[in-house]
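Chemist: I am sharing run_22.cif, which consists of mmCIF, C-alpha atoms and all ligand atoms:
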data_entry
#
loop_
_atom_site.label_atom_id
_atom_site.label_comp_id
_atom_site.auth_asym_id
_atom_site.auth_seq_id
_atom_site.Cartn_x
_atom_site.Cartn_y
_atom_site.Cartn_z
CA MET A 130 16.27 31.00 3.92
CA ALA A 131 14.03 30.09 1.07
CA ARG A 132 14.16 26.60 -0.27
CA HIS A 133 12.34 25.32 -3.28
CA ALA A 134 11.11 21.96 -4.22
CA LYS A 135 13.31 20.10 -6.60
CA THR A 136 11.86 20.32 -10.05
CA ARG A 137 11.02 17.04 -11.61
CA GLY A 138 10.58 17.95 -15.21
CA GLY A 139 8.55 15.83 -17.50
CA ARG A 140 6.05 15.84 -20.25
CA LEU A 141 2.47 16.32 -19.16
CA ALA A 142 -0.06 13.87 -20.46
CA ALA A 143 -2.50 15.32 -22.96
CA THR A 144 -5.34 15.31 -20.44
CA ALA A 145 -3.25 16.88 -17.77
CA ALA A 146 -1.94 19.58 -20.06
CA LEU A 147 -5.50 20.42 -21.05
CA LEU A 148 -6.53 20.76 -17.42
CA LEU A 149 -3.47 22.73 -16.53
CA ALA A 150 -3.91 25.27 -19.30
CA ALA A 151 -6.43 27.32 -17.34
CA ALA A 152 -4.55 27.34 -14.06
CA THR A 153 -2.79 30.44 -12.77
CA PRO A 154 0.68 29.85 -11.36
CA PRO A 155 0.01 29.83 -7.61
CA ALA A 156 3.30 31.52 -6.80
CA ALA A 157 2.33 34.58 -8.82
CA ALA A 158 -1.18 34.67 -7.45
CA ASN A 159 -0.12 34.50 -3.83
CA GLY A 160 2.97 36.67 -3.93
CA MET A 161 5.09 33.91 -2.49
CA VAL A 162 8.57 33.58 -3.82
CA GLY A 163 9.48 30.30 -5.33
CA ALA A 164 10.13 28.33 -8.42
CA ARG A 165 7.31 26.17 -9.65
CA ALA A 166 7.90 22.51 -9.40
CA ALA A 167 6.28 21.08 -12.47
CA ALA A 168 4.81 17.73 -11.63
CA ARG A 169 5.21 14.83 -13.97
CA ALA A 170 1.83 13.48 -14.92
CA LEU A 171 1.13 9.82 -15.34
CA PRO A 172 -0.48 9.02 -18.67
CA ALA A 173 -1.32 5.50 -17.49
CA GLN A 174 -3.63 6.88 -14.82
CA ALA A 175 -5.26 9.47 -17.04
CA ARG A 176 -9.02 9.46 -16.78
CA PRO A 177 -11.68 11.09 -18.89
CA TYR A 178 -12.06 14.79 -18.30
CA ASP A 179 -15.50 14.49 -16.72
CA ALA A 180 -14.74 11.57 -14.43
CA GLY A 181 -14.72 13.77 -11.31
CA PRO A 182 -12.08 15.79 -9.48
CA ALA A 183 -8.57 15.40 -10.82
CA ALA A 184 -5.26 16.84 -9.66
CA THR A 185 -2.74 17.43 -12.42
CA ALA A 186 0.29 18.99 -10.79
CA VAL A 187 1.76 19.72 -7.39
CA HIS A 188 3.97 22.59 -6.26
CA HIS A 189 5.98 22.57 -3.05
CA HIS A 190 7.49 25.76 -1.66
CA GLU A 191 9.44 26.30 1.52
CA SER A 192 10.33 29.70 2.94
CA ALA A 193 11.25 31.16 6.32
CA GLY A 194 7.55 31.75 7.00
CA GLY A 195 6.54 28.16 6.41
CA ALA A 196 5.64 25.72 3.70
CA ARG A 197 3.04 25.63 0.98
CA LEU A 198 1.76 22.69 -1.00
CA VAL A 199 -0.49 23.49 -3.94
CA PHE A 200 -2.33 20.99 -6.14
CA ASP A 201 -3.63 22.17 -9.52
CA MET A 202 -7.11 20.72 -9.97
CA ASN A 203 -9.94 20.73 -12.46
CA ASP A 204 -12.54 21.58 -9.82
CA THR A 205 -12.97 22.67 -6.23
CA VAL A 206 -13.55 20.06 -3.52
CA ASP A 207 -14.41 20.19 0.16
CA VAL A 208 -11.28 19.70 2.22
CA ARG A 209 -10.78 18.77 5.83
CA ALA A 210 -7.28 19.13 7.27
CA PHE A 211 -5.94 18.03 10.62
CA VAL A 212 -2.72 16.97 12.30
CA LEU A 213 -1.71 13.57 13.66
CA SER A 214 1.17 13.00 16.04
CA ASN A 215 3.71 10.24 16.42
CA PRO A 216 4.85 10.36 13.70
CA ASP A 217 3.93 13.98 13.07
CA ARG A 218 1.80 14.42 9.97
CA VAL A 219 -0.75 16.69 8.38
CA VAL A 220 -3.68 14.98 6.71
CA VAL A 221 -6.00 16.49 4.12
CA ASP A 222 -9.16 14.57 3.34
CA LEU A 223 -11.11 15.21 0.16
CA LYS A 224 -13.59 13.63 -2.17
CA GLU A 225 -12.21 10.86 -4.36
CA THR A 226 -9.79 12.52 -6.72
CA ALA A 227 -7.73 11.19 -9.61
CA PHE A 228 -4.13 12.21 -8.96
CA LEU A 229 -2.55 12.42 -12.41
CA ILE A 230 0.79 13.11 -10.78
CA ASP A 231 3.89 10.97 -10.39
CA PRO A 232 4.11 9.91 -6.72
CA ALA A 233 7.86 10.51 -6.99
CA ASN A 234 7.07 14.20 -6.56
CA GLY A 235 6.45 13.77 -2.86
CA ARG A 236 9.01 11.17 -1.99
CA ALA A 237 11.46 11.71 0.86
CA SER A 238 14.95 12.45 -0.37
CA ARG A 239 18.42 11.83 0.97
CA PRO A 240 19.66 14.00 2.50
CA ALA A 241 16.27 14.88 3.97
CA ARG A 242 14.45 17.88 2.53
CA ALA A 243 14.97 21.07 4.49
CA GLY A 244 11.93 23.01 5.65
CA LEU A 245 8.72 21.82 7.27
CA ILE A 246 7.68 19.16 4.78
CA ALA A 247 9.79 15.99 4.70
CA SER A 248 7.66 14.12 2.18
CA TYR A 249 4.05 13.71 1.08
CA ARG A 250 1.73 11.16 -0.51
CA PHE A 251 -1.65 11.31 -2.16
CA GLY A 252 -4.17 8.81 -3.44
CA HIS A 253 -7.22 6.73 -2.75
CA PHE A 254 -8.03 6.27 0.92
CA ALA A 255 -11.51 4.81 1.39
CA PRO A 256 -14.56 4.32 -0.83
CA GLY A 257 -15.32 7.73 -2.35
CA ARG A 258 -12.48 9.44 -0.50
CA SER A 259 -8.93 10.48 -1.23
CA ARG A 260 -6.25 11.68 1.12
CA ILE A 261 -3.08 13.72 1.12
CA VAL A 262 -0.61 12.84 3.88
CA VAL A 263 2.25 15.20 4.64
CA ASP A 264 5.18 14.00 6.80
CA LEU A 265 6.66 16.82 8.85
CA ASN A 266 10.26 17.61 9.72
CA GLY A 267 9.10 19.53 12.78
CA PRO A 268 5.99 20.81 14.55
CA ALA A 269 3.72 22.83 12.29
CA ARG A 270 0.32 24.43 12.41
CA ILE A 271 -2.18 24.47 9.56
CA ALA A 272 -2.33 28.13 8.56
CA ARG A 273 -4.70 27.50 5.69
CA ALA A 274 -6.29 24.58 3.88
CA ALA A 275 -8.57 25.63 1.05
CA SER A 276 -9.82 24.69 -2.36
CA GLU A 277 -10.75 27.58 -4.61
CA ARG A 278 -11.18 28.59 -8.22
CA THR A 279 -8.28 30.28 -9.91
CA GLU A 280 -8.79 33.80 -11.19
CA SER A 281 -9.05 32.61 -14.73
CA GLY A 282 -12.01 30.43 -13.85
CA GLY A 283 -12.49 26.89 -14.99
CA ALA A 284 -9.63 25.47 -13.01
CA ALA A 285 -9.06 25.29 -9.28
CA ARG A 286 -6.33 24.66 -6.80
CA LEU A 287 -6.06 23.09 -3.41
CA THR A 288 -3.71 24.97 -1.09
CA LEU A 289 -2.20 23.78 2.17
CA GLU A 290 -0.16 26.36 4.07
CA LEU A 291 1.85 25.35 7.12
CA ALA A 292 3.56 27.58 9.64
CA PRO A 293 6.24 26.55 12.15
CA SER A 294 4.87 25.75 15.57
CA ASP A 295 6.15 24.24 18.81
CA GLY A 296 5.90 20.70 20.08
CA GLU A 297 3.39 21.41 22.81
CA SER A 298 0.95 23.28 20.54
CA PHE A 299 1.30 20.57 17.92
CA ARG A 300 0.48 17.76 20.35
CA ALA A 301 -2.50 19.74 21.68
CA ALA A 302 -3.81 20.18 18.11
CA ALA A 303 -3.34 16.46 17.43
CA ARG A 304 -5.24 15.56 20.62
CA ALA A 305 -8.05 17.97 19.68
CA ALA A 306 -8.26 16.53 16.16
CA ARG A 307 -8.47 13.04 17.53
CA ALA A 308 -11.12 13.97 20.08
CA ALA A 309 -13.15 15.78 17.43
CA GLU A 310 -12.95 12.75 15.20
CA LEU A 311 -14.04 10.43 17.99
CA LEU A 312 -16.90 12.65 19.10
CA GLN A 313 -18.25 13.95 15.83
CA ALA A 314 -17.55 11.31 13.24
CA PRO A 315 -20.46 8.96 12.82
CA PRO A 316 -19.46 5.39 13.50
CA GLN A 317 -17.36 4.37 10.53
CA PRO A 318 -19.49 2.35 8.17
CA PRO A 319 -17.79 -0.98 7.77
CA ARG A 320 -15.76 -1.03 4.61
CA LYS A 321 -17.65 -2.66 1.81
CA GLN A 322 -14.74 -4.88 0.91
CA ALA A 323 -14.37 -6.34 4.37
CA GLU A 324 -18.13 -6.77 4.70
CA ALA A 325 -18.77 -8.42 1.39
CA PRO A 326 -20.23 -11.87 1.81
CA ALA A 327 -17.89 -14.69 1.02
CA PRO A 328 -17.86 -15.17 -2.73
CA ALA A 329 -19.37 -18.39 -3.93
CA SER A 330 -16.45 -20.75 -4.06
CA GLY A 331 -18.48 -23.73 -5.25
CA GLY A 332 -17.03 -25.82 -2.46
CA ARG A 333 -13.51 -24.93 -3.52
CA PRO A 334 -11.00 -23.94 -0.84
CA VAL A 335 -10.32 -20.19 -0.79
CA VAL A 336 -6.94 -18.47 -0.86
CA ALA A 337 -6.61 -14.76 -0.03
CA LEU A 338 -4.03 -13.03 -2.22
CA ASP A 339 -2.91 -9.80 -0.59
CA PRO A 340 -1.11 -7.38 -2.91
CA GLY A 341 0.63 -4.98 -0.51
CA HIS A 342 0.04 -1.24 -0.30
CA GLY A 343 -2.30 0.62 -2.71
CA GLY A 344 -3.86 4.04 -3.11
CA VAL A 345 -2.23 6.70 -0.95
CA ASP A 346 0.32 4.09 0.21
CA THR A 347 2.56 3.48 -2.80
CA GLY A 348 5.01 1.11 -1.09
CA ALA A 349 8.60 0.97 -2.26
CA ALA A 350 9.83 2.73 -5.36
CA GLY A 351 12.35 1.66 -7.93
CA LYS A 352 13.43 3.27 -11.15
CA ASP A 353 10.17 3.95 -13.07
CA ALA A 354 8.29 1.34 -11.03
CA ILE A 355 6.34 1.33 -7.81
CA GLU A 356 5.67 -1.60 -5.54
CA LYS A 357 1.89 -1.27 -5.30
CA ASN A 358 1.51 -1.77 -9.08
CA ILE A 359 4.04 -4.60 -9.40
CA VAL A 360 2.48 -6.64 -6.61
CA PHE A 361 -1.07 -6.03 -7.81
CA GLU A 362 -0.22 -7.29 -11.30
CA PHE A 363 1.46 -10.31 -9.78
CA ALA A 364 -1.51 -11.15 -7.53
CA ARG A 365 -3.84 -10.86 -10.51
CA ALA A 366 -1.66 -13.22 -12.51
CA VAL A 367 -1.73 -15.82 -9.70
CA ALA A 368 -5.52 -15.43 -9.41
CA ALA A 369 -5.93 -15.95 -13.15
CA LYS A 370 -3.91 -19.18 -13.01
CA LEU A 371 -6.01 -20.49 -10.11
CA GLU A 372 -9.28 -19.55 -11.81
CA ALA A 373 -8.14 -21.29 -14.98
CA SER A 374 -7.45 -24.60 -13.28
CA GLY A 375 -10.56 -24.25 -11.11
CA ARG A 376 -9.40 -26.08 -7.99
CA VAL A 377 -8.90 -23.14 -5.64
CA LYS A 378 -10.95 -19.94 -5.40
CA PRO A 379 -8.72 -16.83 -5.26
CA VAL A 380 -9.87 -13.67 -3.44
CA LEU A 381 -7.91 -10.43 -3.67
CA THR A 382 -7.73 -8.13 -0.64
CA ARG A 383 -7.85 -5.06 -2.83
CA ALA A 384 -9.77 -4.52 -6.03
CA GLY A 385 -7.41 -2.04 -7.66
CA ASP A 386 -5.29 0.95 -6.71
CA VAL A 387 -7.04 1.50 -3.39
CA PHE A 388 -5.85 1.88 0.18
CA VAL A 389 -6.87 -0.95 2.50
CA PRO A 390 -5.74 -0.90 6.16
CA LEU A 391 -3.79 -3.96 7.32
CA ALA A 392 -6.46 -5.15 9.75
CA ASP A 393 -9.10 -5.02 7.00
CA ARG A 394 -6.98 -7.26 4.79
CA VAL A 395 -6.95 -9.90 7.50
CA LYS A 396 -10.68 -9.48 8.16
CA LEU A 397 -11.48 -9.77 4.48
CA ALA A 398 -9.58 -13.05 4.26
CA GLN A 399 -11.43 -14.38 7.29
CA SER A 400 -14.87 -13.33 6.10
CA ALA A 401 -14.15 -14.94 2.72
CA GLY A 402 -13.37 -18.18 4.53
CA ALA A 403 -9.79 -18.24 3.29
CA GLY A 404 -7.76 -21.30 4.26
CA LEU A 405 -4.51 -19.60 3.28
CA PHE A 406 -3.33 -15.98 3.18
CA VAL A 407 -0.49 -14.92 0.88
CA SER A 408 0.71 -11.34 1.15
CA ILE A 409 2.79 -10.16 -1.82
CA HIS A 410 5.46 -7.46 -1.68
CA ALA A 411 8.57 -6.17 -3.46
CA ASP A 412 10.52 -3.84 -1.24
CA THR A 413 13.77 -1.94 -1.29
CA LEU A 414 16.84 -2.10 0.90
CA SER A 415 19.73 0.29 1.15
CA GLU A 416 21.94 -2.77 0.58
CA THR A 417 21.55 -2.86 -3.20
CA TRP A 418 23.40 -6.18 -3.49
CA VAL A 419 20.69 -8.05 -1.55
CA ARG A 420 18.51 -9.90 -4.01
CA GLY A 421 16.14 -12.76 -4.62
CA ALA A 422 12.77 -13.85 -3.27
CA THR A 423 12.13 -14.42 0.43
CA VAL A 424 9.18 -16.02 2.20
CA TYR A 425 8.32 -14.68 5.65
CA THR A 426 6.21 -16.21 8.39
CA LEU A 427 5.03 -14.68 11.64
CA SER A 428 7.18 -14.82 14.75
CA ASP A 429 7.43 -12.84 17.95
CA ARG A 430 11.16 -12.47 17.52
CA ALA A 431 12.53 -11.62 14.09
CA SER A 432 14.86 -14.19 12.54
CA ASP A 433 17.39 -11.46 11.72
CA ALA A 434 17.84 -7.70 11.68
CA GLU A 435 16.80 -7.34 8.05
CA ALA A 436 13.52 -9.20 8.68
CA ALA A 437 12.85 -6.97 11.69
CA ARG A 438 13.42 -3.84 9.63
CA LEU A 439 11.20 -5.09 6.84
CA ALA A 440 8.37 -5.96 9.23
CA ALA A 441 8.62 -2.52 10.83
CA SER A 442 8.34 -0.85 7.46
CA GLU A 443 5.44 -3.04 6.32
CA ASN A 444 3.65 -2.51 9.63
CA ALA A 445 3.86 1.23 9.00
CA ALA A 446 1.56 0.91 5.97
CA ASP A 447 -1.42 2.26 7.91
CA ARG A 448 0.72 5.20 8.96
CA ALA A 449 1.56 5.87 5.31
CA GLY A 450 -2.18 6.05 4.69
CA GLY A 451 -2.66 8.50 7.55
CA VAL A 452 -4.55 6.02 9.69
CA THR A 453 -4.13 6.05 13.44
CA GLU A 454 -2.84 2.63 14.33
CA THR A 455 -5.01 0.66 16.68
CA GLU A 456 -3.93 -2.05 19.03
CA ASP A 457 -4.23 -5.53 17.67
CA THR A 458 -7.27 -7.04 19.24
CA THR A 459 -6.47 -10.56 18.16
CA ASP A 460 -3.94 -11.16 20.92
CA VAL A 461 -6.32 -12.92 23.24
CA GLN A 462 -4.36 -15.16 25.55
CA ASP A 463 -6.04 -18.37 26.44
CA ILE A 464 -5.17 -21.98 26.08
CA LEU A 465 -7.52 -22.70 23.21
CA SER A 466 -6.31 -19.77 21.12
CA ASP A 467 -2.75 -20.75 21.90
CA LEU A 468 -3.36 -24.20 20.44
CA THR A 469 -5.02 -22.75 17.36
CA ARG A 470 -2.18 -20.31 16.93
CA ARG A 471 0.41 -23.06 17.16
CA GLU A 472 -1.36 -25.18 14.58
CA THR A 473 -1.74 -22.16 12.29
CA ARG A 474 1.96 -21.37 12.60
CA ALA A 475 2.96 -24.96 11.85
CA MET A 476 0.85 -24.89 8.67
CA SER A 477 2.28 -21.48 7.73
CA HIS A 478 5.81 -22.85 8.02
CA ALA A 479 4.95 -25.94 5.99
CA TYR A 480 3.49 -23.79 3.23
CA ALA A 481 6.45 -21.37 3.32
CA ARG A 482 8.88 -24.28 2.80
CA SER A 483 6.79 -25.60 -0.06
CA LEU A 484 6.53 -22.17 -1.70
CA VAL A 485 10.33 -21.82 -1.59
CA ALA A 486 10.66 -25.25 -3.21
CA TYR A 487 8.28 -24.29 -6.02
CA TRP A 488 9.97 -20.91 -6.46
CA LYS A 489 13.28 -22.65 -7.21
CA HIS A 490 11.82 -23.51 -10.61
CA THR A 491 11.20 -19.87 -11.28
CA GLY A 492 14.42 -18.26 -10.44
CA ASP A 493 16.15 -16.30 -7.84
CA LEU A 494 15.91 -17.00 -4.16
CA ASN A 495 17.49 -14.92 -1.46
CA LYS A 496 20.49 -16.63 0.12
CA ASN A 497 18.37 -16.97 3.25
CA PRO A 498 14.89 -17.46 1.75
CA LEU A 499 12.93 -18.51 4.87
CA ARG A 500 12.66 -15.84 7.51
CA SER A 501 10.26 -14.63 10.14
CA ALA A 502 9.24 -11.44 11.92
CA GLY A 503 6.25 -9.74 13.53
CA PHE A 504 4.26 -8.77 10.44
CA ARG A 505 0.84 -7.46 11.50
CA VAL A 506 -0.77 -8.70 8.29
CA LEU A 507 0.17 -12.30 9.17
CA LYS A 508 -1.49 -12.29 12.58
CA ALA A 509 -4.79 -14.03 11.84
CA MET A 510 -4.99 -16.66 14.52
CA ASP A 511 -6.67 -19.32 12.43
CA THR A 512 -5.47 -18.64 8.87
CA PRO A 513 -2.06 -19.95 7.79
CA SER A 514 -0.32 -16.85 6.44
CA VAL A 515 2.92 -16.03 4.66
CA LEU A 516 4.42 -12.92 3.15
CA LEU A 517 6.20 -13.39 -0.18
CA GLU A 518 8.82 -10.82 -1.01
CA LEU A 519 9.08 -11.25 -4.78
CA GLY A 520 12.48 -9.61 -4.90
CA TYR A 521 14.05 -6.27 -4.08
CA MET A 522 13.38 -3.25 -6.23
CA SER A 523 16.71 -1.91 -4.97
CA SER A 524 18.52 -4.71 -6.84
CA GLN A 525 18.99 -4.04 -10.54
CA GLY A 526 18.63 -7.69 -11.48
CA ASP A 527 15.52 -8.18 -9.36
CA LEU A 528 13.88 -5.03 -10.69
CA ALA A 529 14.43 -6.15 -14.28
CA ARG A 530 12.63 -9.40 -13.47
CA LEU A 531 9.84 -7.74 -11.48
CA VAL A 532 8.77 -5.63 -14.44
CA SER A 533 9.09 -8.45 -16.97
CA ALA A 534 5.83 -10.01 -18.18
CA ASP A 535 7.68 -13.18 -19.08
CA TRP A 536 9.04 -13.59 -15.57
CA ARG A 537 5.66 -12.78 -14.03
CA GLU A 538 4.09 -15.52 -16.11
CA ARG A 539 6.53 -18.15 -14.86
CA ALA A 540 6.69 -16.99 -11.26
CA SER A 541 2.93 -16.65 -10.85
CA THR A 542 2.53 -20.19 -12.20
CA SER A 543 4.88 -21.49 -9.49
CA VAL A 544 2.95 -19.65 -6.79
CA ALA A 545 -0.41 -20.90 -8.08
CA GLN A 546 0.93 -24.48 -8.12
CA SER A 547 2.23 -24.17 -4.57
CA ILE A 548 -1.20 -22.95 -3.42
CA GLU A 549 -2.96 -25.88 -5.10
CA ARG A 550 -0.46 -28.25 -3.53
CA PHE A 551 -1.13 -26.80 -0.07
CA PHE A 552 -4.86 -27.43 -0.37
CA ALA A 553 -4.35 -30.82 -2.02
CA GLU A 554 -2.37 -32.00 1.00
CA ARG A 555 -4.90 -30.60 3.44
CA THR A 556 -7.81 -32.17 1.55
CA ALA A 557 -6.02 -35.51 1.51
CA ALA A 558 -5.44 -35.28 5.24
CA GLU A 559 -9.01 -34.34 6.09
CA ALA A 560 -11.16 -36.19 3.55
CA PRO A 561 -12.77 -39.49 4.50
CA ALA A 562 -11.33 -42.41 2.58
CA GLY A 563 -12.89 -42.86 -0.85
CA ALA A 564 -14.11 -39.23 -1.12
CA PRO A 565 -13.78 -37.72 -4.60
CA ASP A 566 -10.54 -35.78 -4.88
CA ARG A 567 -10.69 -32.54 -6.83
CA PHE A 568 -6.90 -32.40 -6.64
CA ALA A 569 -6.40 -35.83 -8.18
CA ASN A 570 -4.68 -34.32 -11.19
CA ALA A 571 -3.00 -31.39 -9.46
CA GLY A 572 0.64 -30.72 -10.20
CA ALA A 573 3.31 -32.98 -8.77
CA PRO A 574 4.57 -32.21 -5.30
CA ALA A 575 7.44 -29.80 -5.21
CA PRO A 576 10.91 -31.25 -4.81
CA ARG A 577 11.91 -31.01 -1.16
ZN ZN B 601 5.78 -3.79 0.76
#
Would you mind writing the structure in this file as structure tokens?
Modeler:
Amino acid sequence: MARHAKTRGGRLAATAALLLAAATPPAAANGMVGARAAARALPAQARPYDAGPAATAVHHHESAGGARLVFDMNDTVDVRAFVLSNPDRVVVDLKETAFLIDPANGRASRPARAGLIASYRFGHFAPGRSRIVVDLNGPARIARAASERTESGGAARLTLELAPSDGESFRAAARAARAAELLQAPPQPPRKQAEAPAPASGGRPVVALDPGHGGVDTGAAGKDAIEKNIVFEFARAVAAKLEASGRVKPVLTRAGDVFVPLADRVKLAQSAGAGLFVSIHADTLSETWVRGATVYTLSDRASDAEAARLAASENAADRAGGVTETEDTTDVQDILSDLTRRETRAMSHAYARSLVAYWKHTGDLNKNPLRSAGFRVLKAMDTPSVLLELGYMSSQGDLARLVSADWRERASTSVAQSIERFFAERTAAEAPAGAPDRFANAGAPAPR
């Protein structure tokens, strides 16, 4: 039974339309039956024509014989495809490519899509590299992964063909792919971001602002808005406020729309000498009435079922990027680390309470605004860390605020003030009597 991707109509951006003009419809060229799913291009992400490889549209076809995913591109690129198990995915690695395509094209739907492909994502993965991650409904084998010129020349397309397989063959292929990667891949060069020397803070305390998701991992999606962009804009606004007042040095864990694994975010904060880590998110819940901001701290046992679910979904960010999750290596059990961890947690809780108090000036709080769960990104042993959920994109009221520049201005001011307050209190506690106080004129303490 043939099944075709749902068509998401939409106007192509000028650049995209130009690129697309030379492409041959892949269905016609390959004799496969199927309607073309015209991808909606994103004008905001449009790049100059000569800026490197660009993908302008995606077509998804399902048939009895398997599935095909075709990206229309302006040029050919080297591709490397392999499978990963648990959860079962197909990954295609390629040179850094501008995807001028709405990520909504690949999103999972309810009820789940029939056929082999449940959903797919695409975007930046690592410096100079992009990645396509395909979530599977069942075991599949890669029948073909190729990038080639179209007959008309000029344009190209990247084709991924999947055929149904069985569980045992799939797991064997995943093991082989992993072994090949371990044996052949040169040791991964440390990511530049995580390796960068600590920025000169001029003696100022450093806060790490961690906008969630990025690149191939888009995070949650609301109507015409995606989490990775909302939280990045918010983090930048907080950083700008801190830079303007000059008391605290902000460091962002990602420089733009790039994928950064969770462990690297923590490492970056540590190597920058951050005294506080604030992860920023805006997720969705199926309970559309749940609304307001929530501040999470780390705990072994989640404070409630919703916190547990949220932590599980945030912890899957590496999976969304097609990264094999590694065991946390920070869980060293000894007495000294236990003391450090306890002190760190106490400071995290104190900051979380203060942040909630400051946020009251800004607007909406969740009815239960202080919660905890096992977020991997909060696990630095010696850096007080919280995760701020700005609001829920699944709530109409929250979403309206999240995309409002006016609200962002007010809310980011509250967050910046709470960060300055945190360091002011620590400086006061640690400084010898009579030492000059850079926080002397910092904002008043938050109402408790
Ligand atoms: Zn998130």
Chemist: Need the shell around A:Ala350: protein/DNA/RNA residues with any atom at most 12 Å away, counting only C-alpha atoms. Skip same-chain ones fewer than 6 positions apart. Format as a short mmCIF file (atom, residue, chain, number, x, y, z; two decimals) with C-alpha atoms, in the frame of the given file?
Modeler:
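In the end it all went to part28.cif:
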data_model
loop_
_atom_site.label_atom_id
_atom_site.label_comp_id
_atom_site.auth_asym_id
_atom_site.auth_seq_id
_atom_site.Cartn_x
_atom_site.Cartn_y
_atom_site.Cartn_z
CA ASP A 231 3.89 10.97 -10.39
CA PRO A 232 4.11 9.91 -6.72
CA ALA A 233 7.86 10.51 -6.99
CA ASN A 234 7.07 14.20 -6.56
CA GLY A 235 6.45 13.77 -2.86
CA ARG A 236 9.01 11.17 -1.99
CA ALA A 237 11.46 11.71 0.86
CA HIS A 342 0.04 -1.24 -0.30
CA GLU A 356 5.67 -1.60 -5.54
CA LYS A 357 1.89 -1.27 -5.30
CA ASN A 358 1.51 -1.77 -9.08
CA ILE A 359 4.04 -4.60 -9.40
CA VAL A 360 2.48 -6.64 -6.61
CA HIS A 410 5.46 -7.46 -1.68
CA ALA A 411 8.57 -6.17 -3.46
CA ASP A 412 10.52 -3.84 -1.24
CA THR A 413 13.77 -1.94 -1.29
CA LEU A 414 16.84 -2.10 0.90
CA TYR A 521 14.05 -6.27 -4.08
CA MET A 522 13.38 -3.25 -6.23
CA SER A 523 16.71 -1.91 -4.97
CA SER A 524 18.52 -4.71 -6.84
CA LEU A 528 13.88 -5.03 -10.69
#
Chemist: Could you check the closest approach to ligand ZN 601 (chain B) for each of A:Ala292, A:Ala401, A:Ile409, A:Ala243 and tell me which residue wins, using all atoms listed in the file?
Modeler: A:Ile409
Chemist: Taking all atoms listed in the file into account, name the residue in A:Trp536, A:Trp418, A:Phe361, A:Phe200 that is nearest to ligand ZN 601 (chain B).
Modeler: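 Closest residue, counting all atoms listed in the file: A:Phe361.
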Chemist: Can you work out which one of A:Gly451, A:Ala349, A:Thr491, A:Ser432 has the shortest atom-to-atom distance to ligand ZN 601 (chain B), counting all atoms listed in the file?
Modeler: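 Between A:Gly451, A:Ala349, A:Thr491, A:Ser432, the residue approaching ligand ZN 601 (chain B) most closely is A:Ala349.
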Chemist: Find the residues near A:Asp264: any atom within 9 Å, counting all atoms listed in the file, skip ones fewer than 2 places away on the same chain, and give them as a VMD selection string.
Modeler: chain A and resid 216 to 220 237 245 to 250 262 266
Chemist: Of the residues A:Thr542, A:Thr556, A:Gln525, A:Asn444, which is the one nearest to ligand ZN 601 (chain B), using only C-alpha atoms and all ligand atoms?
Modeler: A:Asn444
Chemist: Give me the box for stretch 264-280 of chain A as lines of an AutoDock Vina configuration file, namely the centre and edge lengths in Å to one decimal of a box along x, y and z that holds every listed atom plus 6 Å on each side.
Modeler:
center_x = -0.5
center_y = 23.9
center_z = 1.7
size_x = 33.4
size_y = 31.8
size_z = 37.7
Chemist: Which residue out of A:Ala446, A:Ala475, A:Leu499, A:Ala368 has the minimum interatomic distance to ligand ZN 601 (chain B) when all atoms listed in the file are used?
Modeler: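 Counting all atoms listed in the file, the residue closest to ligand ZN 601 (chain B) is A:Ala446.
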